Each structure stands twice: as C-alpha cells, then as structure tokens.
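K.L.:
What follows is work-v4.csv, made up of CSV, C-alpha atoms and all ligand atoms:
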```
chain,number,residue,atom,x,y,z
A,1,MET,CA,-119.5,91.3,-77.6
A,2,ILE,CA,-120.8,87.9,-76.7
A,3,ILE,CA,-123.5,88.2,-74.0
A,4,ILE,CA,-123.3,85.5,-71.4
A,5,LYS,CA,-126.6,84.5,-69.8
A,6,SER,CA,-127.3,84.0,-66.2
A,7,ASP,CA,-129.2,81.0,-64.9
A,8,LYS,CA,-132.3,83.1,-64.6
A,9,GLU,CA,-132.0,84.3,-68.2
A,10,ILE,CA,-131.4,80.8,-69.4
A,11,ASP,CA,-134.6,79.7,-67.7
A,12,LYS,CA,-136.4,82.4,-69.7
A,13,MET,CA,-134.7,81.2,-72.9
A,14,ARG,CA,-135.9,77.7,-72.0
A,15,ARG,CA,-139.5,78.9,-71.8
A,16,ALA,CA,-139.2,80.7,-75.1
A,17,GLY,CA,-137.6,77.6,-76.6
A,18,LYS,CA,-140.5,75.5,-75.5
A,19,VAL,CA,-143.0,77.7,-77.4
A,20,VAL,CA,-140.8,77.3,-80.5
A,21,ALA,CA,-140.5,73.5,-80.1
A,22,ASP,CA,-144.2,73.0,-79.6
A,23,CYS,CA,-145.1,75.4,-82.4
A,24,HIS,CA,-142.8,73.3,-84.8
A,25,GLU,CA,-144.7,70.2,-83.7
A,26,LEU,CA,-148.0,71.8,-84.5
A,27,VAL,CA,-146.8,73.0,-87.9
A,28,ARG,CA,-145.4,69.6,-88.7
A,29,GLU,CA,-148.8,67.9,-87.9
A,30,ASN,CA,-150.4,70.2,-90.5
A,31,ILE,CA,-148.0,69.7,-93.3
A,32,LYS,CA,-149.7,67.7,-96.0
A,33,PRO,CA,-150.3,67.9,-99.7
A,34,GLY,CA,-152.8,70.6,-100.5
A,35,ILE,CA,-152.0,73.1,-97.6
A,36,THR,CA,-150.5,76.5,-98.5
A,37,THR,CA,-147.5,78.0,-96.8
A,38,ALA,CA,-149.7,80.9,-95.8
A,39,GLN,CA,-152.0,78.5,-93.9
A,40,LEU,CA,-149.0,77.1,-92.0
A,41,ASP,CA,-147.9,80.7,-91.2
A,42,ALA,CA,-151.4,81.5,-89.7
A,43,ILE,CA,-151.3,78.3,-87.6
A,44,ALA,CA,-147.9,79.2,-86.2
A,45,GLU,CA,-148.7,82.9,-85.5
A,46,ASP,CA,-151.9,81.9,-83.7
A,47,TYR,CA,-150.2,79.3,-81.6
A,48,ILE,CA,-147.3,81.7,-80.6
A,49,ARG,CA,-149.7,84.4,-79.6
A,50,ARG,CA,-151.9,82.1,-77.6
A,51,GLN,CA,-148.8,81.2,-75.5
A,52,GLY,CA,-148.4,84.9,-74.7
A,53,ALA,CA,-145.4,85.2,-76.9
A,54,ILE,CA,-144.6,87.3,-80.0
A,55,PRO,CA,-143.7,85.9,-83.4
A,56,THR,CA,-140.1,87.1,-83.6
A,57,PHE,CA,-139.8,87.0,-87.3
A,58,LEU,CA,-142.9,89.1,-88.1
A,59,GLY,CA,-141.6,92.6,-89.0
A,60,TYR,CA,-138.0,91.6,-88.5
A,61,SER,CA,-136.1,93.8,-91.0
A,62,GLY,CA,-139.5,94.0,-92.6
A,63,PHE,CA,-140.1,90.3,-93.0
A,64,PRO,CA,-143.9,90.0,-93.6
A,65,ALA,CA,-144.7,86.7,-91.8
A,66,SER,CA,-144.2,84.7,-88.6
A,67,ILE,CA,-142.4,81.8,-90.2
A,68,CYS,CA,-140.1,81.3,-93.1
A,69,ALA,CA,-141.5,78.6,-95.4
A,70,SER,CA,-138.8,77.4,-97.8
A,71,PRO,CA,-139.8,74.5,-100.2
A,72,ASN,CA,-137.4,72.3,-102.2
A,73,GLU,CA,-134.8,74.6,-103.9
A,74,VAL,CA,-135.5,77.4,-101.5
A,75,ILE,CA,-132.7,77.5,-98.9
A,76,VAL,CA,-134.1,79.9,-96.4
A,77,HIS,CA,-136.3,83.0,-96.0
A,78,GLY,CA,-139.2,81.8,-98.1
A,79,ILE,CA,-142.2,84.1,-97.6
A,80,PRO,CA,-145.4,82.2,-96.9
A,81,GLY,CA,-148.0,82.6,-99.6
A,82,GLU,CA,-150.5,80.8,-101.8
A,83,ARG,CA,-148.0,78.1,-102.9
A,84,ILE,CA,-149.7,74.8,-102.4
A,85,LEU,CA,-147.5,72.0,-101.0
A,86,LYS,CA,-147.6,68.8,-103.0
A,87,GLU,CA,-146.7,65.2,-102.5
A,88,GLY,CA,-143.0,64.7,-102.7
A,89,ASP,CA,-142.0,68.2,-101.8
A,90,ILE,CA,-139.7,69.0,-98.8
A,91,ILE,CA,-140.4,72.1,-96.8
A,92,SER,CA,-138.1,74.0,-94.4
A,93,ILE,CA,-139.9,75.8,-91.6
A,94,ASP,CA,-137.9,78.4,-89.6
A,95,LEU,CA,-139.6,80.2,-86.7
A,96,GLY,CA,-138.9,82.2,-83.6
A,97,ALA,CA,-140.8,83.3,-80.5
A,98,THR,CA,-140.1,86.0,-78.0
A,99,LEU,CA,-141.4,85.3,-74.5
A,100,ASP,CA,-140.8,87.6,-71.5
A,101,GLY,CA,-138.1,89.4,-73.5
A,102,TYR,CA,-136.1,86.3,-74.7
A,103,VAL,CA,-136.0,84.6,-78.0
A,104,GLY,CA,-136.1,81.0,-79.2
A,105,ASP,CA,-135.2,80.2,-82.8
A,106,ALA,CA,-135.4,76.8,-84.6
A,107,ALA,CA,-135.8,75.3,-88.0
A,108,ARG,CA,-136.8,71.9,-89.4
A,109,THR,CA,-137.2,70.4,-92.8
A,110,HIS,CA,-140.2,68.1,-93.3
A,111,PRO,CA,-141.4,65.8,-96.0
A,112,VAL,CA,-144.7,66.5,-97.7
A,113,GLY,CA,-146.4,63.1,-98.0
A,114,GLU,CA,-144.2,60.5,-99.5
A,115,ILE,CA,-140.7,61.8,-100.6
A,116,SER,CA,-137.9,60.2,-102.5
A,117,PRO,CA,-135.1,58.4,-100.6
A,118,GLU,CA,-132.7,61.2,-101.9
A,119,ASN,CA,-134.7,63.9,-100.3
A,120,GLN,CA,-135.0,61.9,-97.0
A,121,ARG,CA,-131.3,61.5,-97.0
A,122,LEU,CA,-130.8,65.2,-97.4
A,123,ILE,CA,-133.1,65.9,-94.5
A,124,ASP,CA,-131.4,63.3,-92.3
A,125,VAL,CA,-127.8,64.4,-93.0
A,126,THR,CA,-128.8,68.0,-92.4
A,127,ARG,CA,-130.3,67.1,-89.0
A,128,GLN,CA,-127.4,64.9,-88.0
A,129,SER,CA,-124.9,67.6,-89.0
A,130,PHE,CA,-126.3,69.8,-86.2
A,131,PHE,CA,-125.8,67.0,-83.7
A,132,GLU,CA,-122.3,66.4,-84.9
A,133,GLY,CA,-121.7,70.1,-84.5
A,134,ILE,CA,-123.0,70.4,-80.9
A,135,LYS,CA,-120.9,67.5,-79.7
A,136,ASN,CA,-118.3,70.2,-79.7
A,137,ALA,CA,-120.3,72.8,-77.8
A,138,ARG,CA,-118.5,72.3,-74.6
A,139,VAL,CA,-116.6,74.7,-72.3
A,140,GLY,CA,-113.0,75.1,-73.4
A,141,ASN,CA,-113.6,74.3,-77.0
A,142,ARG,CA,-113.7,77.0,-79.7
A,143,LEU,CA,-116.6,78.0,-81.9
A,144,GLY,CA,-114.8,76.8,-85.0
A,145,ASP,CA,-114.9,73.3,-83.6
A,146,ILE,CA,-118.6,73.3,-84.0
A,147,SER,CA,-118.4,74.9,-87.5
A,148,HIS,CA,-115.8,72.4,-88.7
A,149,ALA,CA,-117.7,69.3,-87.4
A,150,VAL,CA,-120.8,70.4,-89.3
A,151,GLN,CA,-118.9,71.0,-92.5
A,152,LYS,CA,-117.0,67.7,-92.3
A,153,TYR,CA,-120.2,65.7,-91.7
A,154,VAL,CA,-122.0,67.3,-94.5
A,155,GLU,CA,-119.2,67.1,-97.1
A,156,ASP,CA,-118.4,63.5,-96.1
A,157,HIS,CA,-122.0,62.8,-97.2
A,158,GLY,CA,-121.5,64.5,-100.6
A,159,TYR,CA,-123.5,67.7,-99.9
A,160,SER,CA,-122.4,71.3,-99.4
A,161,VAL,CA,-122.9,73.8,-96.6
A,162,VAL,CA,-124.3,77.3,-97.4
A,163,ARG,CA,-121.7,80.1,-97.0
A,164,ASP,CA,-123.9,83.2,-97.2
A,165,TYR,CA,-125.9,82.5,-94.0
A,166,VAL,CA,-124.7,81.5,-90.6
A,167,GLY,CA,-125.9,80.7,-87.1
A,168,HIS,CA,-125.7,83.3,-84.4
A,169,GLY,CA,-125.7,84.1,-80.7
A,170,ILE,CA,-129.2,84.6,-79.3
A,171,GLY,CA,-130.8,86.1,-76.2
A,172,ARG,CA,-132.8,89.3,-75.9
A,173,LYS,CA,-132.2,89.7,-79.6
A,174,MET,CA,-132.6,87.0,-82.2
A,175,HIS,CA,-129.2,87.8,-83.7
A,176,GLU,CA,-126.4,88.5,-81.3
A,177,GLU,CA,-122.7,87.8,-81.6
A,178,PRO,CA,-121.0,85.6,-82.4
A,179,GLN,CA,-121.7,84.6,-86.0
A,180,ILE,CA,-121.5,80.8,-86.3
A,181,PRO,CA,-120.5,79.6,-89.8
A,182,ASN,CA,-121.3,76.0,-90.8
A,183,PHE,CA,-117.8,75.7,-92.2
A,184,GLY,CA,-114.2,76.6,-91.4
A,185,PRO,CA,-111.2,75.3,-89.5
A,186,ALA,CA,-111.4,73.7,-86.0
A,187,GLY,CA,-109.5,75.4,-83.2
A,188,HIS,CA,-110.4,78.9,-84.3
A,189,GLY,CA,-112.8,81.5,-83.0
A,190,PRO,CA,-114.0,82.5,-79.5
A,191,LYS,CA,-113.7,80.0,-76.6
A,192,LEU,CA,-117.0,78.6,-75.5
A,193,VAL,CA,-118.0,79.4,-71.9
A,194,ARG,CA,-120.9,78.4,-69.7
A,195,GLY,CA,-124.0,80.5,-70.4
A,196,MET,CA,-123.4,81.2,-74.1
A,197,CYS,CA,-126.7,80.7,-76.0
A,198,LEU,CA,-126.3,79.9,-79.7
A,199,ALA,CA,-128.6,79.2,-82.6
A,200,ILE,CA,-126.7,76.6,-84.7
A,201,GLU,CA,-128.3,76.1,-88.1
A,202,PRO,CA,-126.8,74.1,-90.9
A,203,MET,CA,-128.2,74.9,-94.3
A,204,VAL,CA,-127.3,72.1,-96.6
A,205,ASN,CA,-127.6,71.9,-100.4
A,206,ALA,CA,-127.8,68.8,-102.4
A,207,GLY,CA,-125.6,70.4,-105.1
A,208,THR,CA,-123.3,73.5,-104.9
A,209,TYR,CA,-123.6,76.0,-102.1
A,210,ASP,CA,-124.0,78.9,-104.5
A,211,LEU,CA,-127.3,80.7,-104.2
A,212,ASP,CA,-129.5,83.5,-105.7
A,213,ILE,CA,-131.9,85.9,-104.0
A,214,LEU,CA,-135.3,86.3,-105.7
A,215,ASP,CA,-136.8,89.7,-106.5
A,216,ASP,CA,-138.7,89.8,-103.2
A,217,ASN,CA,-135.2,90.4,-101.7
A,218,TRP,CA,-135.8,87.6,-99.2
A,219,THR,CA,-136.1,84.2,-100.8
A,220,ALA,CA,-132.7,82.5,-101.1
A,221,VAL,CA,-132.7,79.7,-103.7
A,222,THR,CA,-130.0,77.3,-104.8
A,223,PHE,CA,-128.2,78.4,-107.9
A,224,ASP,CA,-128.4,75.0,-109.5
A,225,GLY,CA,-132.0,74.4,-108.6
A,226,LYS,CA,-131.3,71.4,-106.5
A,227,ASN,CA,-133.0,70.9,-103.1
A,228,SER,CA,-131.8,72.3,-99.8
A,229,ALA,CA,-132.6,71.5,-96.1
A,230,HIS,CA,-132.2,73.4,-92.9
A,231,TYR,CA,-132.0,72.3,-89.2
A,232,GLU,CA,-131.6,74.6,-86.3
A,233,ASN,CA,-131.9,74.7,-82.5
A,234,THR,CA,-131.2,77.2,-79.9
A,235,ILE,CA,-128.7,75.7,-77.4
A,236,CYS,CA,-126.9,76.7,-74.3
A,237,VAL,CA,-123.4,75.9,-73.3
A,238,THR,CA,-123.3,74.3,-69.8
A,239,ASP,CA,-120.6,72.8,-67.6
A,240,GLY,CA,-121.4,69.4,-69.3
A,241,GLU,CA,-123.5,68.4,-72.3
A,242,PRO,CA,-125.0,71.3,-74.2
A,243,GLU,CA,-128.6,71.9,-73.4
A,244,ILE,CA,-131.0,72.1,-76.4
A,245,LEU,CA,-133.6,74.7,-75.6
A,246,THR,CA,-135.9,74.1,-78.7
A,247,LEU,CA,-136.5,70.4,-78.7
B,1,MG,MG,-131.5,81.4,-86.6
```
As structure tokens, how would this structure be written, given the file I've shared?
Ligand code: MG
P.N.:
Amino acid sequence: MIIIKSDKEIDKMRRAGKVVADCHELVRENIKPGITTAQLDAIAEDYIRRQGAIPTFLGYSGFPASICASPNEVIVHGIPGERILKEGDIISIDLGATLDGYVGDAARTHPVGEISPENQRLIDVTRQSFFEGIKNARVGNRLGDISHAVQKYVEDHGYSVVRDYVGHGIGRKMHEEPQIPNFGPAGHGPKLVRGMCLAIEPMVNAGTYDLDILDDNWTAVTFDGKNSAHYENTICVTDGEPEILTL
C-alpha cells in the first residue's frame, strides 16, 4: 500500500530532508585526497545527532554505519572504513536521517580532487537523469513515466542503469511502497497523486549494469570494474511541480 502524506507529515519530511541536505553539504566539504571513508561517516553521524535526528542507515538490516560510502566501481552500500580517498577517485555518499519520526534519504557522487572528464560526465549524467525523471512526477502521470525518463536519458548518453536496486516510497519508514525502478516502459505502474513521497535514485554504470556483491554481503560493485555514480533525492508529489525535500 502506498501511504499518502498529509501536509503536516510533509512538513516533517521537509525538516528531515533539510538535515540530510545540510549533512551532504558538510560531507562534501570534507571530501579530499587523504581522508578515509570512516572519517566521513563520523562527521555525518555527529552532524545528524547534533540536529536531534537519528542516522537512519545505522543498524538498518544490520548496516554498520551512518552513511554508505561507495568509491569508483562500488555502486552502492559501501561500508565506511580505512580506505583512503585519493586524487581522481569518485565517491558516492548515501545517507538518511530520521527526525520526529520521518525519514529523509539522499545520495550524491562527488569528485575527489581533480577527476577525469569521463568521470565528471558520469556524475553529471547521473545527476541530470534524476531531474529528467522528476519532470514526470506530476499528478495524473504514472510511476513508470519517471522510470522510463531516467532510463532513456542514461542510455542516450551511453551508460546503463542498475537493475538490482531501485528507488522507493518513503515516510515513517525509509523503504515504503512503491518500488521505483530506474528503467521500464512509460505509462505503467501506479498513478501519482498529491502527497506521495518518493526517493528517486538513479544508479548509473559507465559499463554494463551487471554487478557483484562482495563477501561483506553489502558492497555492490560493477561486474566489469568500471565506475558507477548515484544521485538521489526525497521528493513529494504536489498539485504542481514536485517538491524536492533534500536539496
Ligand atoms: Mg534510497
């Protein structure tokens, strides 16, 4: 069942979303060659707690940290640790915060120092595919219209969208119905109505969309070892333009 949010609930989602957005900004400022992903995790956890919020990811299905830190060929769910970021890497950061019972969830991919034009293009196309998707997040459209727009934009630029992970409804829980694939035909799926809150999150691979899971049972890496980028915001369907709650 898709849970529609009241205006009062959306206001809470907005406040949770702001914690997530500001935390992302703080993490971004700290990304530089020489820092470890564990240090970034500590910075994020400290910030989220100081806002009176709870790091949603910590302990979620046993996940051991407050952020997912996924460098280069890691698609999603990288566990922060002693890996040192180096010049030329790209690093995807995914994080969530629960405030007053409601969750915000967002992801960004950042450059570490100077990166190649190829990596910058991967980041830019991934980010833009989200915006192409949410142009369709309007009352009366169907969920598949979002999915299709993301896929088309990504594939038109020569990349692939990950199949094994999808976006999701969000509210009191991080993962609610519906699932939101980043691929599929337009005109299918549930109709969008005012008050739906959705986490739309294209995961884009430079090569094929096939992946592998490492022995930690979390880390998803590209099968071909090529790089991957991630971009996500929590949004809300309104009577007009969709509202992005995590920017
Ligand atoms: Mg998500």
K.L.:
I'd like the neighbourhood of segment 64-74 of chain A as an NGL selection string, where a residue qualifies if any of its atoms comes within 6 Å (using all atoms listed in the file), though same-chain residues fewer than 2 positions away should be ignored.
P.N.:
:A and (41 or 45 or 55 or 57-59 or 76-80 or 90-95 or 220-222 or 225-228)
K.L.:
Just to be explicit: take each residue in the selection above, keep C-alpha atoms, and write the result as a compact mmCIF listing (two decimals), in the frame of the given file.
P.N.:
```
# COMPACT_ATOMS: atom_id res chain seq x y z
CA ASP A 41 -147.90 80.70 -91.20
CA GLU A 45 -148.70 82.90 -85.50
CA PRO A 55 -143.70 85.90 -83.40
CA PHE A 57 -139.80 87.00 -87.30
CA LEU A 58 -142.90 89.10 -88.10
CA GLY A 59 -141.60 92.60 -89.00
CA VAL A 76 -134.10 79.90 -96.40
CA HIS A 77 -136.30 83.00 -96.00
CA GLY A 78 -139.20 81.80 -98.10
CA ILE A 79 -142.20 84.10 -97.60
CA PRO A 80 -145.40 82.20 -96.90
CA ILE A 90 -139.70 69.00 -98.80
CA ILE A 91 -140.40 72.10 -96.80
CA SER A 92 -138.10 74.00 -94.40
CA ILE A 93 -139.90 75.80 -91.60
CA ASP A 94 -137.90 78.40 -89.60
CA LEU A 95 -139.60 80.20 -86.70
CA ALA A 220 -132.70 82.50 -101.10
CA VAL A 221 -132.70 79.70 -103.70
CA THR A 222 -130.00 77.30 -104.80
CA GLY A 225 -132.00 74.40 -108.60
CA LYS A 226 -131.30 71.40 -106.50
CA ASN A 227 -133.00 70.90 -103.10
CA SER A 228 -131.80 72.30 -99.80
```
K.L.:
Would you kindly return, as a ChimeraX atom specification, each protein, DNA or RNA residue with an atom no farther than 7 Å from any atom of Ala137 of chain A, considering all atoms listed in the file and excluding same-chain residues fewer than 4 positions away?
P.N.:
/A:141,146,237,242
K.L.:
Would you mind listing the residues within 10 Å of ligand MG 1 (chain B), counting all atoms listed in the file, as JSON, numbers by chain?
P.N.:
{"A": [94, 95, 96, 104, 105, 106, 107, 165, 166, 167, 168, 169, 170, 174, 175, 198, 199, 200, 201, 202, 231, 232, 233, 234]}
K.L.:
Contacts of Glu241 of chain A at 10 Å or less, counting only C-alpha atoms, minus same-chain residues fewer than 6 places along, as a list of chain:residue names?
P.N.:
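In the requested format, the answer is A:Ile134, A:Lys135, A:Asn136, A:Ala137, A:Arg138, A:Val139.
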K.L.:
Using only C-alpha atoms for the distances, tell me which of A:Gly144, A:Gly101, A:Pro33, A:Gly171 is nearest to Ile2 of chain A.
P.N.:
A:Gly171
K.L.:
Would you mind completing segment 215-226 of chain A to all heavy atoms and writing the output as a CSV table (one decimal), in the frame of the given file?
P.N.:
```
chain,number,residue,atom,x,y,z
A,215,ASP,N,-136.5,88.3,-106.5
A,215,ASP,CA,-136.8,89.7,-106.5
A,215,ASP,C,-137.5,90.2,-105.3
A,215,ASP,O,-137.6,91.5,-105.1
A,215,ASP,CB,-137.7,90.0,-107.8
A,215,ASP,CG,-136.9,89.8,-109.1
A,215,ASP,OD1,-135.7,89.9,-109.0
A,215,ASP,OD2,-137.5,89.7,-110.1
A,216,ASP,N,-138.0,89.3,-104.5
A,216,ASP,CA,-138.7,89.8,-103.2
A,216,ASP,C,-137.6,90.2,-102.2
A,216,ASP,O,-137.9,90.7,-101.1
A,216,ASP,CB,-139.6,88.8,-102.6
A,216,ASP,CG,-138.9,87.5,-102.3
A,216,ASP,OD1,-137.7,87.5,-102.1
A,216,ASP,OD2,-139.6,86.4,-102.2
A,217,ASN,N,-136.3,90.1,-102.5
A,217,ASN,CA,-135.2,90.4,-101.7
A,217,ASN,C,-135.1,89.6,-100.4
A,217,ASN,O,-134.3,89.9,-99.5
A,217,ASN,CB,-135.2,91.9,-101.3
A,217,ASN,CG,-134.8,92.8,-102.5
A,217,ASN,OD1,-133.9,92.4,-103.2
A,217,ASN,ND2,-135.5,93.9,-102.6
A,218,TRP,N,-135.8,88.5,-100.3
A,218,TRP,CA,-135.8,87.6,-99.2
A,218,TRP,C,-135.4,86.2,-99.6
A,218,TRP,O,-134.4,85.6,-99.1
A,218,TRP,CB,-137.1,87.5,-98.4
A,218,TRP,CG,-137.3,88.7,-97.5
A,218,TRP,CD1,-138.2,89.8,-97.7
A,218,TRP,CD2,-136.7,88.9,-96.2
A,218,TRP,NE1,-138.1,90.6,-96.6
A,218,TRP,CE2,-137.2,90.1,-95.7
A,218,TRP,CE3,-135.8,88.2,-95.5
A,218,TRP,CZ2,-136.8,90.6,-94.5
A,218,TRP,CZ3,-135.4,88.7,-94.3
A,218,TRP,CH2,-135.9,89.9,-93.8
A,219,THR,N,-136.2,85.6,-100.5
A,219,THR,CA,-136.1,84.2,-100.8
A,219,THR,C,-134.7,83.8,-101.4
A,219,THR,O,-134.3,84.3,-102.5
A,219,THR,CB,-137.2,83.8,-101.8
A,219,THR,OG1,-138.4,84.4,-101.4
A,219,THR,CG2,-137.3,82.3,-102.0
A,220,ALA,N,-134.0,83.0,-100.7
A,220,ALA,CA,-132.7,82.5,-101.1
A,220,ALA,C,-132.9,81.1,-101.7
A,220,ALA,O,-133.4,80.2,-101.1
A,220,ALA,CB,-131.8,82.4,-99.9
A,221,VAL,N,-132.5,80.9,-103.0
A,221,VAL,CA,-132.7,79.7,-103.7
A,221,VAL,C,-131.3,79.1,-104.1
A,221,VAL,O,-130.4,79.9,-104.3
A,221,VAL,CB,-133.6,79.8,-104.9
A,221,VAL,CG1,-135.0,80.3,-104.5
A,221,VAL,CG2,-133.0,80.8,-106.0
A,222,THR,N,-131.3,77.8,-104.3
A,222,THR,CA,-130.0,77.3,-104.8
A,222,THR,C,-129.8,77.7,-106.2
A,222,THR,O,-130.7,77.8,-107.0
A,222,THR,CB,-130.0,75.7,-104.7
A,222,THR,OG1,-131.1,75.2,-105.5
A,222,THR,CG2,-130.2,75.2,-103.3
A,223,PHE,N,-128.5,78.0,-106.5
A,223,PHE,CA,-128.2,78.4,-107.9
A,223,PHE,C,-128.5,77.4,-108.9
A,223,PHE,O,-128.9,77.6,-110.0
A,223,PHE,CB,-126.7,78.9,-107.9
A,223,PHE,CG,-126.3,79.6,-109.1
A,223,PHE,CD1,-126.7,80.9,-109.3
A,223,PHE,CD2,-125.6,78.9,-110.1
A,223,PHE,CE1,-126.3,81.5,-110.5
A,223,PHE,CE2,-125.3,79.5,-111.3
A,223,PHE,CZ,-125.6,80.9,-111.5
A,224,ASP,N,-128.2,76.1,-108.5
A,224,ASP,CA,-128.4,75.0,-109.5
A,224,ASP,C,-129.8,74.4,-109.4
A,224,ASP,O,-130.0,73.4,-110.2
A,224,ASP,CB,-127.3,73.9,-109.2
A,224,ASP,CG,-127.3,73.3,-107.8
A,224,ASP,OD1,-128.3,73.5,-107.1
A,224,ASP,OD2,-126.4,72.7,-107.4
A,225,GLY,N,-130.7,74.9,-108.6
A,225,GLY,CA,-132.0,74.4,-108.6
A,225,GLY,C,-132.2,73.1,-107.8
A,225,GLY,O,-133.4,72.6,-107.7
A,226,LYS,N,-131.1,72.6,-107.2
A,226,LYS,CA,-131.3,71.4,-106.5
A,226,LYS,C,-131.8,71.7,-105.1
A,226,LYS,O,-131.8,72.9,-104.6
A,226,LYS,CB,-129.9,70.6,-106.4
A,226,LYS,CG,-129.5,70.1,-107.7
A,226,LYS,CD,-128.2,69.3,-107.6
A,226,LYS,CE,-127.8,68.7,-109.0
A,226,LYS,NZ,-126.5,68.1,-108.9
```
